[in-house]
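**Q** Here it is: the structure, laid out below.
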Amino acid sequence: MQAVAPLAADEFGGQLLDSISIPEEKFNLLFAALLVTAVGVFLGENVLLWDRVVVQGSIPVAAACLAVLLIFYSVSRLLQSMIWGLVLTYGLLVLLVYSRWGWLVPVIQGCAVLGLGYAIRFLRVGRREWPVIWLLGAIATVVIVGCSRAPTSFDMLQRLHAGDVRIDTLFHASIAAMIKNYGVVSTGLHGLIEIPNHVFSHELMAGISILSGVGVFEVYGVANWVLFAPLLIFSIVACCVMLDTKDQVNVPLAWGLVCMLLVLLPRVLKLWDVGNSYFKSESLLVSLGLFLFGLAVLFKRRYQITDLMLIVLLAAEIARAKGPVGLVYAGLWLCRIIFLRGEKLIFTWLGGVLVAVSVGWMTFSLVSASMHSTVKIAWFDYIINYSVLGQYLEETAKSWSGLGGVSWSATLLAMVAIVSFFAFHFLLSWVVVVRLACRQGGLALLQVPAAVYVIGSGMAGALVMVLFAMPSGAASYFSCVAMFVALPEVVFLLLRGFDRLQGMRRCNGKLSVPAILIFIFVLLAILGAKSMDVVLDRHRESVRQHSAWLDSLLELRQQTPMNVLIKPNGEALLKNPISRCSAQPFLFPAISERPWMDVIAARSDCGYEYFGYEQYGLTPAQNHVTVRPRLLPGMQTLDWPSVSGGPRQHE
């Protein structure tokens with residue numbers, strides 16, 4: 001019997017690498033596609049909505065996002081590392097938020113202008129490649145603009161007047177507003193009581209708000225799509241290129257395949273809840289974009305002092321953006337230390353320790369205060385509530401516990417539910433593991449980096465799915481990481497399949513990469529058309545409605561000093577256009593960007609759960625705020641709508 005050939009040292013994902021750098025020509029191609037995508041999303045969304053007010057409101061935010069991309073490109077080229085480039089660019093936005101240095105805004109704007117000149121000087125792409133780059137931008141644009149059930153869009157203010165805004169958006173905008181103006185992680189519902197939450201995306205949104213001069217609520221409607229979503233696609237393809245030592249990855253085709261997989265997987269596997277939450281959650285979007293770069297770092301054979309510095313910053317940003325992603329990243333470092341050898345082992349161990357400390361500090365300092373009320377041990381809770389046939393698990397548990405006769409049909413369907421869930425929810429992980437097992441043999445898998453990381457992330461996600469219950473299906477934040485760990489390997493397999501198909505067609509002519517990309521564009525445009533129609537219909541409905549009450553609330557952002565705590569008067573709470581009672585309080589700080597008090601109405605018919613409400617003493621059995629508001633020194637109370645006498649000193 002012929003022995004299975006081991007993976008070569010330079011096989012994709014087969015061995016640790018001496019370098020994870022990316023060739024300059026491929027970096028230029030990728031960044032050009034990224035830039036075209038950002039511009040394409042801006043143009044595509046505005047053409048779809050066709051509203052002059054939306055265009056005027058989105059231009060400053062989009063300009064700030066493009067400034068961030070130009071700085072990212074310049075720093076990456078100067079340091080010869082796109083990973084350092086992204087980490088430091090994000091760090092610059094955080095510095096802008098917390099430093100309170102007004103002069104830093106024009107400095108960053110000046111850096112963006114220099115970055116534009118730098119890009120014009122060094123961004124060299126051949127003329128023959130530009131048509132393909134425009135096509136790549138078009139593909140990514142239809143993916144992003146056609147995102148199904150997107151919680152935000154460019155017309156956030158218009159939708160707000162119609163009450164068509166989700167609680168998540170108002171919650172996150174409230175936190176970003178308090179960080180922007182007060183440097184406190186708070187929702188501003190009851191003074192500035194700190195609310196533990198994943199804050200890095202809020203800090204970035206606050207930084208873009210300061211840079212653009214636009215309110216954070218409007219920024220949430222634009223920046224997520226113009227900046228962070230394109231960066232996620234970019235980071236996946238960049239990871240593929242960094243792990244490719246034999247120059248086998250066709251960058252344009254890889255870009256198209258990544259976009260196609262991000263759209264098709266949630267649709268094909270929706271019965272097992274493989275959703276596209278990575279586009280809908282700003283914090284997850286930011287964290288995954290950083291995580292793909294962090295995954296490439298895990299493939300390095302040898303680490304230096306500068307690598308350790310990068311690892312600490314990268315892990316901190318990943319965990320600060322989304323704790324579950326940070327925890328999985330720390331777990332992958334543990335897998336690296338246990339199963340994979342490299343050079344300078346002391347540096348590898350030190351890197352693992354630094355990641356563990358950084359992730360642990362960032363994650364538990366932000367979420368530990370609320371974890372006891374949101375995370376519970378409950379067997380197969382996610383499968384029961386979110387996967388096909390999951391209800392039979394609960395029925396089987398009751399029948400076997402003696403509460404009724406044993407139902408063998410329900411037991412069989414429960415087993416089908418479990419098996420099918422783990423087979424399809426982690427489908428990409430299985431593809432990679434089976435491929436490597438056939439190539440290497442089962443026992444050798446734990447010596448292959450790609451296999452170690454795919455198995456490690458898959459087991460972490462599966463363990464969470466089996467043991468824990470989290471609100472709103474938050475356990476998926478763990479399991480989706482496994483998909484992104486496997487994604488570069490799956491893209492490589494598809495590229496290899498394309499090459500083999502090319503070889504089989506030598507006599508009949510080769511398949512054209514542009515033709516395949518055009519097919520992908522048409523397919524994704526068709527799949528996203530319905531979602532685009534929904535966005536357009538919602539916009540048409542929202543522009544018909546207007547609220548003078550909201551206009552007066554918006555005026556507070558411009559006309560009210562920072563050192564105030566606003567208290568509503570009379571019937572102010574009754575005019576709120578948001579229908580969901582637990583979402584209504586967040587409208588006040590999200591729009592005014594000032595802290596409030598007495599906006600949480602004591603209602604027996606309203607369940608104030610999650611979203612930091614437990615920090616105010618609210619529980620399902622207790623609907624009154626029981627803690628004192630937290631104020632900064634010198635804060636005054638301001639009644640709204642205004643009454644004679646103006647602000648008064650708070651006692």
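Chains: A, B, ... in order of the structure tokens. Residues: from 1 per chain. Ligands: from 1, in order shown.
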Which residues come within 12 Å of Val97 (chain A), counting only C-alpha atoms, excluding same-chain residues fewer than 3 positions away, as a CSV table (one decimal) with N, CA and C atoms, in the first residue's frame?

**A**
chain,number,residue,atom,x,y,z
A,90,TYR,N,-5.8,51.4,15.0
A,90,TYR,CA,-6.8,51.4,16.0
A,90,TYR,C,-6.4,52.0,17.3
A,91,GLY,N,-5.2,51.8,17.7
A,91,GLY,CA,-4.7,52.5,18.9
A,91,GLY,C,-4.7,54.0,18.8
A,92,LEU,N,-4.5,54.5,17.7
A,92,LEU,CA,-4.5,56.0,17.5
A,92,LEU,C,-5.9,56.5,17.7
A,93,LEU,N,-6.9,55.8,17.2
A,93,LEU,CA,-8.3,56.2,17.5
A,93,LEU,C,-8.7,56.2,19.0
A,94,VAL,N,-8.2,55.2,19.7
A,94,VAL,CA,-8.4,55.1,21.1
A,94,VAL,C,-7.8,56.2,21.8
A,100,ARG,N,-8.3,63.5,25.1
A,100,ARG,CA,-8.9,64.8,25.2
A,100,ARG,C,-8.1,65.9,24.6
A,101,TRP,N,-7.1,65.5,23.7
A,101,TRP,CA,-6.3,66.5,23.0
A,101,TRP,C,-7.0,67.0,21.8
A,102,GLY,N,-7.5,68.2,21.8
A,102,GLY,CA,-8.2,68.7,20.7
A,102,GLY,C,-7.4,68.9,19.4
A,104,LEU,N,-5.2,66.9,18.4
A,104,LEU,CA,-4.9,65.6,17.8
A,104,LEU,C,-5.8,65.3,16.5
A,105,VAL,N,-7.0,66.0,16.5
A,105,VAL,CA,-7.9,65.8,15.4
A,105,VAL,C,-7.3,66.3,14.1
A,176,ALA,N,-20.9,54.3,23.5
A,176,ALA,CA,-19.9,55.0,22.7
A,176,ALA,C,-20.0,56.5,23.0
A,177,ALA,N,-21.2,57.0,23.2
A,177,ALA,CA,-21.4,58.4,23.5
A,177,ALA,C,-20.8,58.8,24.8
A,178,MET,N,-21.0,58.0,25.9
A,178,MET,CA,-20.4,58.3,27.2
A,178,MET,C,-18.9,58.1,27.2
A,179,ILE,N,-18.4,57.2,26.4
A,179,ILE,CA,-16.9,57.1,26.3
A,179,ILE,C,-16.4,58.3,25.6
A,180,LYS,N,-17.0,58.7,24.5
A,180,LYS,CA,-16.6,59.9,23.7
A,180,LYS,C,-16.5,61.1,24.6
A,181,ASN,N,-17.5,61.4,25.4
A,181,ASN,CA,-17.6,62.7,26.1
A,181,ASN,C,-17.1,62.7,27.5
A,182,TYR,N,-17.1,61.5,28.1
A,182,TYR,CA,-16.8,61.4,29.5
A,182,TYR,C,-15.7,60.4,29.9
A,183,GLY,N,-15.3,59.6,28.9
A,183,GLY,CA,-14.3,58.6,29.1
A,183,GLY,C,-14.7,57.5,30.1
A,184,VAL,N,-16.0,57.3,30.2
A,184,VAL,CA,-16.6,56.3,31.1
A,184,VAL,C,-17.4,55.3,30.3
A,200,PHE,N,-14.1,47.9,22.9
A,200,PHE,CA,-13.2,48.4,21.9
A,200,PHE,C,-13.9,48.9,20.7
A,202,HIS,N,-16.8,50.2,20.7
A,202,HIS,CA,-17.4,51.5,21.1
A,202,HIS,C,-16.4,52.6,21.1
A,203,GLU,N,-15.1,52.3,21.5
A,203,GLU,CA,-14.1,53.3,21.5
A,203,GLU,C,-13.7,53.7,20.1
A,204,LEU,N,-13.7,52.7,19.2
A,204,LEU,CA,-13.4,53.1,17.8
A,204,LEU,C,-14.5,53.9,17.2
A,205,MET,N,-15.8,53.6,17.4
A,205,MET,CA,-16.9,54.4,16.9
A,205,MET,C,-16.8,55.8,17.5
A,206,ALA,N,-16.5,55.9,18.8
A,206,ALA,CA,-16.3,57.2,19.4
A,206,ALA,C,-15.2,58.0,18.8
A,207,GLY,N,-14.1,57.3,18.4
A,207,GLY,CA,-13.0,58.0,17.8
A,207,GLY,C,-13.4,58.5,16.4
A,208,ILE,N,-14.1,57.7,15.6
A,208,ILE,CA,-14.6,58.1,14.3
A,208,ILE,C,-15.5,59.3,14.4
A,209,SER,N,-16.4,59.3,15.5
A,209,SER,CA,-17.3,60.4,15.7
A,209,SER,C,-16.5,61.7,16.0
A,210,ILE,N,-15.5,61.6,16.8
A,210,ILE,CA,-14.7,62.8,17.0
A,210,ILE,C,-14.0,63.3,15.8
A,211,LEU,N,-13.5,62.3,15.0
A,211,LEU,CA,-12.7,62.7,13.8
A,211,LEU,C,-13.6,63.3,12.8

**Q** Taking 5 positions as the minimum chain separation for residues in the same chain, which residues sit within 10 Å of Gln80 (chain A) when counting only C-alpha atoms? Answer as a list of chain:residue names.

**A** A:Ser21, A:Ile22, A:Pro23, A:Glu24, A:Ser74, A:Val75, A:Gly85

**Q** Generate the output file for the selected residues, N, CA and C atoms, as a compact mmCIF listing (two decimals), in the first residue's frame.

**A**
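Heads up, here's the output in part-v8.txt:
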# COMPACT_ATOMS: atom_id res chain seq x y z
N SER A 21 5.12 37.54 6.40
CA SER A 21 5.01 38.78 5.63
C SER A 21 4.23 38.53 4.36
N ILE A 22 3.86 39.60 3.70
CA ILE A 22 3.07 39.51 2.48
C ILE A 22 3.81 40.29 1.39
N PRO A 23 3.94 39.73 0.20
CA PRO A 23 4.64 40.44 -0.88
C PRO A 23 4.00 41.79 -1.16
N GLU A 24 4.83 42.75 -1.52
CA GLU A 24 4.35 44.12 -1.72
C GLU A 24 3.28 44.20 -2.80
N SER A 74 -0.34 53.47 5.19
CA SER A 74 0.96 54.11 5.36
C SER A 74 1.77 53.46 6.47
N VAL A 75 1.13 53.25 7.62
CA VAL A 75 1.84 52.64 8.75
C VAL A 75 2.28 51.22 8.41
N GLY A 85 0.29 47.64 11.44
CA GLY A 85 -0.43 48.78 10.90
C GLY A 85 -1.83 48.89 11.44

**Q** Could you give me, as a list in words, the residues within 8 Å of region 600-615 of chain A, counting only C-alpha atoms and dropping anything in the same chain fewer than 6 positions from it?

**A**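 Near region 600-615 of chain A, the qualifying residues are Phe171, Leu189, Ile193, Ile195, Pro196, Ser370, Thr374, Pro471, Cys581, Ser582, Pro585, Asn623, His624 and Val625 of chain A.
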
**Q** With all heavy atoms retained, could you export that selection as an mmCIF file, in the first residue's frame?

**A**
data_model
loop_
_atom_site.group_PDB
_atom_site.id
_atom_site.type_symbol
_atom_site.label_atom_id
_atom_site.label_comp_id
_atom_site.auth_asym_id
_atom_site.auth_seq_id
_atom_site.Cartn_x
_atom_site.Cartn_y
_atom_site.Cartn_z
ATOM 1 N N PHE A 171 -28.247 50.740 22.570
ATOM 2 C CA PHE A 171 -27.399 50.371 23.707
ATOM 3 C C PHE A 171 -25.935 50.676 23.417
ATOM 4 O O PHE A 171 -25.242 51.333 24.202
ATOM 5 C CB PHE A 171 -27.606 48.884 24.005
ATOM 6 C CG PHE A 171 -26.652 48.296 25.003
ATOM 7 C CD1 PHE A 171 -26.707 48.662 26.339
ATOM 8 C CD2 PHE A 171 -25.701 47.361 24.615
ATOM 9 C CE1 PHE A 171 -25.838 48.099 27.269
ATOM 10 C CE2 PHE A 171 -24.832 46.799 25.538
ATOM 11 C CZ PHE A 171 -24.896 47.178 26.864
ATOM 12 N N LEU A 189 -27.729 55.975 31.534
ATOM 13 C CA LEU A 189 -29.144 55.931 31.904
ATOM 14 C C LEU A 189 -29.397 56.437 33.316
ATOM 15 O O LEU A 189 -30.482 56.926 33.619
ATOM 16 C CB LEU A 189 -29.678 54.493 31.798
ATOM 17 C CG LEU A 189 -29.731 53.857 30.415
ATOM 18 C CD1 LEU A 189 -30.422 52.506 30.492
ATOM 19 C CD2 LEU A 189 -30.427 54.754 29.420
ATOM 20 N N ILE A 193 -22.914 55.416 35.823
ATOM 21 C CA ILE A 193 -22.610 54.115 36.409
ATOM 22 C C ILE A 193 -21.951 53.241 35.342
ATOM 23 O O ILE A 193 -22.454 53.128 34.223
ATOM 24 C CB ILE A 193 -23.883 53.439 36.946
ATOM 25 C CG1 ILE A 193 -24.421 54.237 38.141
ATOM 26 C CG2 ILE A 193 -23.626 51.988 37.338
ATOM 27 C CD1 ILE A 193 -25.722 53.709 38.674
ATOM 28 N N ILE A 195 -20.880 50.247 33.083
ATOM 29 C CA ILE A 195 -21.545 49.057 32.574
ATOM 30 C C ILE A 195 -20.498 48.168 31.923
ATOM 31 O O ILE A 195 -19.945 48.513 30.874
ATOM 32 C CB ILE A 195 -22.634 49.410 31.540
ATOM 33 C CG1 ILE A 195 -23.655 50.369 32.148
ATOM 34 C CG2 ILE A 195 -23.304 48.149 31.012
ATOM 35 C CD1 ILE A 195 -24.433 49.797 33.297
ATOM 36 N N PRO A 196 -20.164 47.033 32.522
ATOM 37 C CA PRO A 196 -19.152 46.160 31.919
ATOM 38 C C PRO A 196 -19.642 45.625 30.584
ATOM 39 O O PRO A 196 -20.704 45.025 30.486
ATOM 40 C CB PRO A 196 -18.985 45.042 32.952
ATOM 41 C CG PRO A 196 -20.257 45.048 33.743
ATOM 42 C CD PRO A 196 -20.729 46.458 33.765
ATOM 43 N N SER A 370 -21.269 41.125 35.359
ATOM 44 C CA SER A 370 -22.600 40.735 34.896
ATOM 45 C C SER A 370 -22.683 39.276 34.498
ATOM 46 O O SER A 370 -23.755 38.792 34.155
ATOM 47 C CB SER A 370 -22.999 41.604 33.695
ATOM 48 O OG SER A 370 -22.070 41.440 32.643
ATOM 49 N N THR A 374 -25.983 36.392 33.452
ATOM 50 C CA THR A 374 -26.213 36.177 32.023
ATOM 51 C C THR A 374 -25.745 34.816 31.534
ATOM 52 O O THR A 374 -26.229 34.335 30.509
ATOM 53 C CB THR A 374 -25.511 37.263 31.194
ATOM 54 O OG1 THR A 374 -24.103 37.249 31.478
ATOM 55 C CG2 THR A 374 -26.082 38.639 31.509
ATOM 56 N N PRO A 471 -27.667 34.657 26.957
ATOM 57 C CA PRO A 471 -28.802 35.403 26.397
ATOM 58 C C PRO A 471 -28.632 35.667 24.908
ATOM 59 O O PRO A 471 -27.523 35.914 24.418
ATOM 60 C CB PRO A 471 -28.793 36.709 27.201
ATOM 61 C CG PRO A 471 -27.395 36.845 27.711
ATOM 62 C CD PRO A 471 -26.927 35.445 27.966
ATOM 63 N N CYS A 581 -40.222 48.630 25.261
ATOM 64 C CA CYS A 581 -40.072 49.382 26.502
ATOM 65 C C CYS A 581 -38.651 49.343 27.046
ATOM 66 O O CYS A 581 -38.157 50.347 27.579
ATOM 67 C CB CYS A 581 -41.061 48.866 27.546
ATOM 68 S SG CYS A 581 -40.810 47.137 28.029
ATOM 69 N N SER A 582 -37.957 48.216 26.932
ATOM 70 C CA SER A 582 -36.598 48.130 27.457
ATOM 71 C C SER A 582 -35.590 48.877 26.592
ATOM 72 O O SER A 582 -34.466 49.137 27.034
ATOM 73 C CB SER A 582 -36.184 46.658 27.578
ATOM 74 O OG SER A 582 -36.240 46.008 26.324
ATOM 75 N N PRO A 585 -35.301 53.732 27.171
ATOM 76 C CA PRO A 585 -34.371 54.579 27.930
ATOM 77 C C PRO A 585 -33.079 54.898 27.175
ATOM 78 O O PRO A 585 -32.527 55.998 27.319
ATOM 79 C CB PRO A 585 -34.087 53.745 29.189
ATOM 80 C CG PRO A 585 -35.277 52.859 29.333
ATOM 81 C CD PRO A 585 -35.690 52.528 27.941
ATOM 82 N N ASN A 623 -38.486 46.029 39.505
ATOM 83 C CA ASN A 623 -38.428 46.920 38.357
ATOM 84 C C ASN A 623 -38.191 48.375 38.729
ATOM 85 O O ASN A 623 -38.472 49.276 37.944
ATOM 86 C CB ASN A 623 -39.712 46.801 37.525
ATOM 87 C CG ASN A 623 -40.958 47.185 38.311
ATOM 88 O OD1 ASN A 623 -40.884 47.473 39.503
ATOM 89 N ND2 ASN A 623 -42.098 47.190 37.634
ATOM 90 N N HIS A 624 -37.698 48.630 39.929
ATOM 91 C CA HIS A 624 -37.334 49.973 40.360
ATOM 92 C C HIS A 624 -35.815 50.085 40.453
ATOM 93 O O HIS A 624 -35.141 49.163 40.921
ATOM 94 C CB HIS A 624 -37.949 50.308 41.735
ATOM 95 C CG HIS A 624 -39.427 50.485 41.706
ATOM 96 N ND1 HIS A 624 -40.298 49.427 41.661
ATOM 97 C CD2 HIS A 624 -40.198 51.612 41.703
ATOM 98 C CE1 HIS A 624 -41.554 49.883 41.652
ATOM 99 N NE2 HIS A 624 -41.512 51.206 41.675
ATOM 100 N N VAL A 625 -35.292 51.233 40.032
ATOM 101 C CA VAL A 625 -33.864 51.502 40.195
ATOM 102 C C VAL A 625 -33.572 51.667 41.675
ATOM 103 O O VAL A 625 -34.234 52.454 42.372
ATOM 104 C CB VAL A 625 -33.449 52.769 39.421
ATOM 105 C CG1 VAL A 625 -31.995 53.112 39.693
ATOM 106 C CG2 VAL A 625 -33.692 52.573 37.932
#

**Q** Leaving out region 571-580 of chain A and any residue of its chain fewer than 6 positions from it, which residues lie within 12 Å of it when counting only C-alpha atoms, given as a count of residues only?

**A** 39

**Q** Residues of region 272-295 of chain A that have any atom at most 10 Å from an atom of region 235-253 of chain A: could you tabulate them with the shortest-distance atom pair and the distance in Å to one decimal, using only C-alpha atoms, ordered by chain and increasing number, as a tab-separated table?

**A**
residue	atom	partner	partner_atom	distance
A:Leu288	CA	A:Ser235	CA	8.7
A:Gly289	CA	A:Ser235	CA	5.7
A:Leu290	CA	A:Ser235	CA	7.6
A:Phe291	CA	A:Ser235	CA	8.7
A:Leu292	CA	A:Ser235	CA	6.0
A:Phe293	CA	A:Cys239	CA	6.3
A:Gly294	CA	A:Cys239	CA	9.1
A:Leu295	CA	A:Cys239	CA	7.7

**Q** Export, as a PDB file, in the first residue's frame, the selected residues with all heavy atoms.

**A**
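The resulting again.pdb:
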ATOM      1  N   LEU A 288     -13.041  39.884  14.980  1.00  0.00           N
ATOM      2  CA  LEU A 288     -12.672  38.863  14.000  1.00  0.00           C
ATOM      3  C   LEU A 288     -11.654  39.401  12.997  1.00  0.00           C
ATOM      4  O   LEU A 288     -10.766  38.670  12.550  1.00  0.00           O
ATOM      5  CB  LEU A 288     -13.913  38.346  13.279  1.00  0.00           C
ATOM      6  CG  LEU A 288     -14.830  37.427  14.080  1.00  0.00           C
ATOM      7  CD1 LEU A 288     -16.094  37.112  13.298  1.00  0.00           C
ATOM      8  CD2 LEU A 288     -14.110  36.138  14.456  1.00  0.00           C
ATOM      9  N   GLY A 289     -11.790  40.675  12.611  1.00  0.00           N
ATOM     10  CA  GLY A 289     -10.801  41.260  11.722  1.00  0.00           C
ATOM     11  C   GLY A 289      -9.409  41.218  12.321  1.00  0.00           C
ATOM     12  O   GLY A 289      -8.426  40.918  11.632  1.00  0.00           O
ATOM     13  N   LEU A 290      -9.307  41.512  13.610  1.00  0.00           N
ATOM     14  CA  LEU A 290      -8.017  41.418  14.303  1.00  0.00           C
ATOM     15  C   LEU A 290      -7.604  39.965  14.507  1.00  0.00           C
ATOM     16  O   LEU A 290      -6.423  39.619  14.418  1.00  0.00           O
ATOM     17  CB  LEU A 290      -8.111  42.128  15.656  1.00  0.00           C
ATOM     18  CG  LEU A 290      -8.244  43.652  15.617  1.00  0.00           C
ATOM     19  CD1 LEU A 290      -8.751  44.171  16.954  1.00  0.00           C
ATOM     20  CD2 LEU A 290      -6.906  44.295  15.271  1.00  0.00           C
ATOM     21  N   PHE A 291      -8.588  39.100  14.786  1.00  0.00           N
ATOM     22  CA  PHE A 291      -8.298  37.698  15.071  1.00  0.00           C
ATOM     23  C   PHE A 291      -7.623  37.006  13.889  1.00  0.00           C
ATOM     24  O   PHE A 291      -6.719  36.186  14.077  1.00  0.00           O
ATOM     25  CB  PHE A 291      -9.586  36.969  15.441  1.00  0.00           C
ATOM     26  CG  PHE A 291      -9.406  35.486  15.649  1.00  0.00           C
ATOM     27  CD1 PHE A 291      -8.991  34.993  16.869  1.00  0.00           C
ATOM     28  CD2 PHE A 291      -9.640  34.588  14.620  1.00  0.00           C
ATOM     29  CE1 PHE A 291      -8.813  33.633  17.066  1.00  0.00           C
ATOM     30  CE2 PHE A 291      -9.472  33.229  14.804  1.00  0.00           C
ATOM     31  CZ  PHE A 291      -9.052  32.743  16.030  1.00  0.00           C
ATOM     32  N   LEU A 292      -8.048  37.306  12.663  1.00  0.00           N
ATOM     33  CA  LEU A 292      -7.438  36.662  11.499  1.00  0.00           C
ATOM     34  C   LEU A 292      -5.965  37.009  11.385  1.00  0.00           C
ATOM     35  O   LEU A 292      -5.146  36.167  10.993  1.00  0.00           O
ATOM     36  CB  LEU A 292      -8.180  37.066  10.232  1.00  0.00           C
ATOM     37  CG  LEU A 292      -9.312  36.145   9.760  1.00  0.00           C
ATOM     38  CD1 LEU A 292      -8.785  34.761   9.410  1.00  0.00           C
ATOM     39  CD2 LEU A 292     -10.426  36.041  10.780  1.00  0.00           C
ATOM     40  N   PHE A 293      -5.605  38.232  11.741  1.00  0.00           N
ATOM     41  CA  PHE A 293      -4.188  38.587  11.790  1.00  0.00           C
ATOM     42  C   PHE A 293      -3.491  37.853  12.935  1.00  0.00           C
ATOM     43  O   PHE A 293      -2.348  37.399  12.809  1.00  0.00           O
ATOM     44  CB  PHE A 293      -4.022  40.098  11.962  1.00  0.00           C
ATOM     45  CG  PHE A 293      -4.288  40.880  10.709  1.00  0.00           C
ATOM     46  CD1 PHE A 293      -4.844  42.141  10.776  1.00  0.00           C
ATOM     47  CD2 PHE A 293      -3.981  40.364   9.458  1.00  0.00           C
ATOM     48  CE1 PHE A 293      -5.094  42.882   9.620  1.00  0.00           C
ATOM     49  CE2 PHE A 293      -4.222  41.084   8.303  1.00  0.00           C
ATOM     50  CZ  PHE A 293      -4.778  42.347   8.385  1.00  0.00           C
ATOM     51  N   GLY A 294      -4.187  37.745  14.084  1.00  0.00           N
ATOM     52  CA  GLY A 294      -3.623  37.005  15.205  1.00  0.00           C
ATOM     53  C   GLY A 294      -3.431  35.538  14.890  1.00  0.00           C
ATOM     54  O   GLY A 294      -2.486  34.905  15.372  1.00  0.00           O
ATOM     55  N   LEU A 295      -4.319  34.973  14.071  1.00  0.00           N
ATOM     56  CA  LEU A 295      -4.171  33.579  13.648  1.00  0.00           C
ATOM     57  C   LEU A 295      -2.892  33.395  12.843  1.00  0.00           C
ATOM     58  O   LEU A 295      -2.173  32.405  13.024  1.00  0.00           O
ATOM     59  CB  LEU A 295      -5.390  33.162  12.829  1.00  0.00           C
ATOM     60  CG  LEU A 295      -5.389  31.735  12.270  1.00  0.00           C
ATOM     61  CD1 LEU A 295      -5.397  30.715  13.405  1.00  0.00           C
ATOM     62  CD2 LEU A 295      -6.597  31.519  11.346  1.00  0.00           C
TER      63      LEU A 295
END

**Q** Report, in Å with one decimal, the straight-line distance from CA of Val113 (chain A) to CA of Gln56 (chain A).

**A**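 For CA of Val113 (chain A) relative to CA of Gln56 (chain A), the distance reads 21.2 Å.
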
**Q** Looking only at the backbone, which of the residues in region 321-562 of chain A does DSSP tag as alpha helix (DSSP H), as an MDAnalysis selection string?

**A** chainID A and resid 321 323:339 345:374 381:386 391:400 408:425 427:440 449:467 476:504 513:542 548:559

**Q** Hey, which bits of region 67-165 of chain A sit within 8 Å of region 223-229 of chain A, and for each residue what's the closest pair of atoms and how far apart in Å (one decimal), counting only C-alpha atoms, rows by chain and increasing number, as a tab-separated table?

**A**
residue	atom	partner	partner_atom	distance
A:Leu69	CA	A:Leu227	CA	7.7
A:Ile144	CA	A:Trp225	CA	6.6
A:Val145	CA	A:Trp225	CA	7.7

**Q** Would you mind telling me which residue in A:Leu463, A:Thr348, A:Ala119, A:Lys376 lies nearest to Leu308 (chain A) when using only C-alpha atoms?

**A**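 The closest residue to Leu308 (chain A) is A:Thr348.
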
**Q** For Tyr118 (chain A), list every protein, DNA or RNA residue within 12 Å, evaluated using only C-alpha atoms, and leave out those in the same chain fewer than 2 positions away; present the list as a compact mmCIF listing (two decimals) with N, CA and C atoms, in the first residue's frame.

**A**
# COMPACT_ATOMS: atom_id res chain seq x y z
N LEU A 70 -6.28 55.03 4.96
CA LEU A 70 -5.04 55.58 4.40
C LEU A 70 -3.91 55.57 5.44
N ILE A 71 -4.26 55.87 6.69
CA ILE A 71 -3.24 55.80 7.76
C ILE A 71 -2.80 54.35 7.95
N PHE A 72 -3.75 53.43 7.92
CA PHE A 72 -3.43 52.01 8.03
C PHE A 72 -2.46 51.57 6.93
N TYR A 73 -2.70 52.00 5.71
CA TYR A 73 -1.82 51.63 4.60
C TYR A 73 -0.41 52.20 4.80
N SER A 74 -0.34 53.47 5.19
CA SER A 74 0.96 54.11 5.36
C SER A 74 1.77 53.46 6.47
N VAL A 75 1.13 53.25 7.62
CA VAL A 75 1.84 52.64 8.75
C VAL A 75 2.28 51.22 8.41
N SER A 76 1.42 50.48 7.72
CA SER A 76 1.75 49.10 7.34
C SER A 76 2.97 49.05 6.42
N ARG A 77 3.02 49.95 5.46
CA ARG A 77 4.16 49.98 4.54
C ARG A 77 5.44 50.42 5.25
N LEU A 78 5.32 51.44 6.10
CA LEU A 78 6.51 51.93 6.79
C LEU A 78 7.09 50.89 7.73
N CYS A 111 -2.31 63.60 8.86
CA CYS A 111 -1.70 62.30 8.56
C CYS A 111 -2.46 61.58 7.46
N ALA A 112 -3.79 61.73 7.47
CA ALA A 112 -4.58 61.10 6.41
C ALA A 112 -4.26 61.71 5.05
N VAL A 113 -4.07 63.04 5.01
CA VAL A 113 -3.70 63.70 3.75
C VAL A 113 -2.34 63.20 3.29
N LEU A 114 -1.39 63.11 4.22
CA LEU A 114 -0.08 62.55 3.88
C LEU A 114 -0.20 61.10 3.43
N GLY A 115 -1.11 60.36 4.10
CA GLY A 115 -1.34 58.97 3.70
C GLY A 115 -1.89 58.87 2.29
N LEU A 116 -2.74 59.83 1.90
CA LEU A 116 -3.24 59.84 0.53
C LEU A 116 -2.11 60.06 -0.46
N ILE A 120 -0.78 57.45 -3.28
CA ILE A 120 -0.63 57.82 -4.69
C ILE A 120 0.79 57.52 -5.17
N ARG A 121 1.75 57.72 -4.27
CA ARG A 121 3.15 57.51 -4.64
C ARG A 121 3.53 56.03 -4.71
N PHE A 122 3.04 55.21 -3.78
CA PHE A 122 3.54 53.85 -3.67
C PHE A 122 2.53 52.75 -4.02
N LEU A 123 1.25 53.10 -4.11
CA LEU A 123 0.26 52.08 -4.43
C LEU A 123 0.32 51.79 -5.93
N ARG A 124 1.15 50.85 -6.29
CA ARG A 124 1.39 50.53 -7.69
C ARG A 124 0.67 49.24 -8.06

**Q** With a distance cut-off of 8 Å and only C-alpha atoms, select the neighbouring residues of Ile318 (chain A), excluding the residue or stretch itself and same-chain residues fewer than 3 positions from it, and output the selection as a list in words.

**A**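 Final neighbour list, sorted by chain and number: Val286, Ser287, Leu288, Leu290, Phe291, Leu314, Ala315, Ala321, Lys322, Gly323, Val325 and Gly326 of chain A.
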